[in-house]
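For reference, upload29.txt (compact mmCIF, C-alpha atoms):
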```
# COMPACT_ATOMS: atom_id res chain seq x y z
CA VAL Z 1 -1.06 7.66 16.95
CA HIS Z 2 0.07 7.16 13.36
CA LEU Z 3 -0.41 4.18 11.07
CA LEU Z 4 2.34 3.34 8.59
CA GLN Z 5 1.36 1.02 5.72
CA CYS Z 6 4.08 -0.61 3.62
CA ILE Z 7 2.71 -2.04 0.38
CA GLY Z 8 5.02 -4.08 -1.86
CA LEU Z 9 7.99 -2.33 -0.28
CA TYR Z 10 11.32 -4.07 -0.87
CA ALA Z 11 15.03 -3.36 -1.13
CA SER Z 12 17.04 -3.65 -4.36
CA THR Z 13 19.46 -5.96 -2.57
CA SER Z 14 18.73 -8.73 -0.08
CA THR Z 15 18.79 -6.50 2.97
CA HIS Z 16 16.59 -5.12 5.73
CA ILE Z 17 14.50 -1.95 5.51
CA ASN Z 18 15.04 0.07 8.67
CA LEU Z 19 13.46 3.00 10.53
CA ARG Z 20 15.09 6.02 12.18
CA PHE Z 21 13.47 9.03 13.85
CA SER Z 22 14.35 12.73 13.59
CA ASN Z 23 13.84 15.59 16.05
CA ASP Z 24 14.89 18.34 13.59
CA ASN Z 25 12.34 17.94 10.76
CA GLY Z 26 14.47 15.39 8.89
CA SER Z 27 17.76 17.31 8.70
CA THR Z 28 19.39 14.45 10.61
CA PHE Z 29 18.18 11.09 11.89
CA GLU Z 30 19.04 9.65 15.30
CA SER Z 31 21.41 6.66 15.12
CA SER Z 32 21.38 5.33 18.70
CA ASN Z 33 19.03 4.50 21.59
CA TYR Z 34 16.79 2.07 19.68
CA GLN Z 35 15.47 -1.27 20.92
CA TYR Z 36 13.36 -3.82 19.05
CA ALA Z 37 12.04 -7.37 19.13
CA ILE Z 38 10.69 -9.43 16.23
CA GLN Z 39 8.95 -12.79 16.55
CA TYR Z 40 8.69 -14.67 13.26
CA ILE Z 41 7.30 -17.89 11.82
CA GLY Z 42 7.66 -19.22 8.28
CA THR Z 43 5.48 -21.49 6.18
CA ASN Z 44 8.41 -23.95 6.26
CA GLY Z 45 8.24 -24.16 10.08
CA ALA Z 46 11.19 -21.85 10.77
CA ASN Z 47 10.55 -19.63 13.78
CA GLY Z 48 12.39 -17.52 16.30
CA VAL Z 49 13.06 -14.14 17.83
CA ILE Z 50 15.38 -11.35 16.70
CA GLN Z 51 16.04 -8.60 19.23
CA SER Z 52 18.37 -5.82 20.27
CA THR Z 53 18.53 -3.51 23.28
CA SER Z 54 21.20 -1.22 21.80
CA ALA Z 55 20.55 -0.71 18.09
CA THR Z 56 21.29 2.11 15.65
CA GLU Z 57 17.79 1.79 14.13
CA ILE Z 58 14.62 -0.26 14.33
CA THR Z 59 15.34 -2.96 11.77
CA ASN Z 60 13.25 -5.11 9.43
CA ILE Z 61 10.27 -2.76 9.17
CA THR Z 62 9.09 -4.67 6.09
CA SER Z 63 10.21 -7.19 3.48
CA ASP Z 64 13.94 -7.96 3.55
CA ASN Z 65 14.32 -9.36 0.05
CA ASN Z 66 15.13 -8.12 -3.44
CA ASN Z 67 12.38 -9.95 -5.28
CA SER Z 68 9.41 -7.85 -6.36
CA THR Z 69 7.29 -10.98 -6.86
CA GLN Z 70 7.74 -11.84 -3.18
CA ALA Z 71 7.66 -8.29 -1.80
CA GLY Z 72 5.51 -8.23 1.27
CA GLY Z 73 3.37 -5.86 3.18
CA ALA Z 74 3.41 -4.44 6.66
CA TYR Z 75 1.64 -2.12 9.01
CA HIS Z 76 3.07 -0.34 12.02
CA TYR Z 77 1.45 1.85 14.61
CA LEU Z 78 3.68 4.71 15.76
CA TYR Z 79 3.00 6.13 19.23
CA ASN Z 80 4.02 9.36 21.04
CA LEU Z 81 5.92 10.91 18.11
CA GLY Z 82 4.81 14.45 18.97
CA ASN Z 83 5.14 14.10 22.75
CA SER Z 84 8.40 15.48 24.16
CA SER Z 85 7.91 13.76 27.53
CA LYS Z 86 7.49 10.16 26.26
CA TYR Z 87 9.49 7.57 24.33
CA SER Z 88 8.38 6.87 20.73
CA PHE Z 89 7.13 3.30 20.15
CA THR Z 90 6.23 1.10 17.18
CA THR Z 91 4.17 -2.07 17.00
CA GLY Z 92 3.29 -3.91 13.84
CA GLN Z 93 2.99 -6.98 11.71
CA ILE Z 94 4.86 -7.99 8.54
CA MET Z 95 4.16 -10.59 5.84
CA ASP Z 96 6.91 -11.20 3.30
CA GLY Z 97 8.55 -13.73 1.02
CA ASN Z 98 11.98 -15.30 1.35
CA THR Z 99 14.46 -14.97 -1.52
CA ASN Z 100 16.47 -17.93 -0.24
CA VAL Z 101 13.60 -20.45 -0.32
CA ALA Z 102 11.06 -20.07 -3.15
CA GLY Z 103 7.46 -20.18 -2.00
CA VAL Z 104 8.26 -19.66 1.69
CA PHE Z 105 6.54 -16.75 3.42
CA PHE Z 106 7.07 -15.30 6.86
CA THR Z 107 4.78 -13.57 9.33
CA GLN Z 108 6.52 -11.32 11.82
CA PHE Z 109 5.25 -9.51 14.90
CA HIS Z 110 7.30 -6.41 15.52
CA GLY Z 111 7.86 -3.95 18.37
CA GLY Z 112 10.39 -1.17 18.80
CA VAL Z 113 11.21 1.91 20.85
CA TYR Z 114 13.35 5.01 20.50
CA ALA Z 115 14.31 5.32 24.16
CA VAL Z 116 14.70 9.10 24.34
CA ALA Z 117 11.84 11.36 25.44
CA GLU Z 118 11.71 14.07 22.78
CA THR Z 119 9.44 15.37 20.01
CA ILE Z 120 9.78 13.30 16.84
CA ASN Z 121 8.76 15.23 13.71
CA ALA Z 122 10.13 13.06 10.87
CA PHE Z 123 11.26 9.50 10.19
CA ASN Z 124 13.20 7.70 7.48
CA LEU Z 125 12.71 4.25 5.94
CA PHE Z 126 15.99 3.06 4.43
CA PRO Z 127 17.66 -0.19 3.36
CA THR Z 128 20.91 -1.45 4.84
CA SER Z 129 22.23 -1.15 1.27
CA GLY Z 130 20.74 -0.42 -2.15
CA THR Z 131 17.47 1.38 -2.78
CA VAL Z 132 13.82 0.92 -1.78
CA THR Z 133 10.91 0.35 -4.18
CA GLY Z 134 7.23 0.24 -3.30
CA THR Z 135 4.68 2.33 -1.46
CA ALA Z 136 4.62 3.67 2.10
CA ARG Z 137 1.55 5.50 3.39
CA LEU Z 138 1.21 7.38 6.66
CA PHE Z 139 -2.11 8.02 8.39
CA TRP Z 140 -2.92 9.95 11.53
CA ILE Z 141 -5.39 8.29 13.89
CA LYS Z 142 -7.27 10.57 16.22
CA GLN Z 143 -7.64 9.25 19.74
CA ILE Z 144 -10.98 9.94 21.38
```

Write the structure described by the file as structure tokens, please.
Amino acid sequence: VHLLQCIGLYASTSTHINLRFSNDNGSTFESSNYQYAIQYIGTNGANGVIQSTSATEITNITSDNNNSTQAGGAYHYLYNLGNSSKYSFTTGQIMDGNTNVAGVFFTQFHGGVYAVAETINAFNLFPTSGTVTGTARLFWIKQI
């Protein structure tokens, strides 16, 4: 199990920050066989679900805005990355601002899967467009 922390991570344009896995040490990143679901609620009462069963990445890993004063934080647990006989999963929670409505913040509960059983040995966080600023930390959690 790995823990990914995203601290003040945001894109330079108003776009999502996404996740893709690699099975060749980061030479290439897989661009199919992803599924995800996100449940969100905002301080303005907005709420809903975003989901896909046939995505090219796991989307919206953290803040999807271009405002460093509203950049959020997130944590994600990553499961089975080194196990060639199991799918790789993510679960996590996100807190971020909204560039469209000043002072509105969103909490999101996040789950995703790369639905191919293979050894994952690298991953990439990338925006839909622009660049990413902030800090990402990866921890390994030993299971007992």

At what distance in Å, to one decimal, does atom CA of Z:Ile94 lie from atom CA of Z:Leu9?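 These two atoms are separated by 10.9 Å.
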
For each of Z:Gln108, Z:Thr133, Z:Asn121, Z:Ser27, take the minimum atom-to-atom distance to Z:Asn83, counting only C-alpha atoms, then give the residue where this is smallest.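 Going through Z:Gln108, Z:Thr133, Z:Asn121, Z:Ser27 one by one, the smallest distance to Z:Asn83 is for Z:Asn121.
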
I'd like the interatomic distance between atom CA of Z:Met95 and atom CA of Z:Ser129, to a tenth of an Å. 20.9 Å

Choose the residue, out of Z:Leu81, Z:Ala37, Z:Ala74, Z:Ile58, that has the smallest atom-to-atom separation from Z:Arg137; count all atoms listed in the file. Z:Ala74

What does the structure give for the distance between atom CA of Z:Phe123 and atom CA of Z:Thr28, in Å to one decimal?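 Result for atom CA of Z:Phe123 versus atom CA of Z:Thr28: 9.5 Å, one decimal.
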
Around (3.8, -21.1, 7.3) in the file's frame, which residues reach within 10 Å when counting all atoms listed in the file? Return as an MDAnalysis selection string? chainID Z and resid 41:47 104:107

Mind listing as a count of residues only all residues within 7 Å of (21.9, -6.4, -2.3), counting only C-alpha atoms? 6

For Z:Ile61, please output as a count of residues only all residues within 7 Å (counting all atoms listed in the file; exclusion window: fewer than 4 positions along the same chain). 3
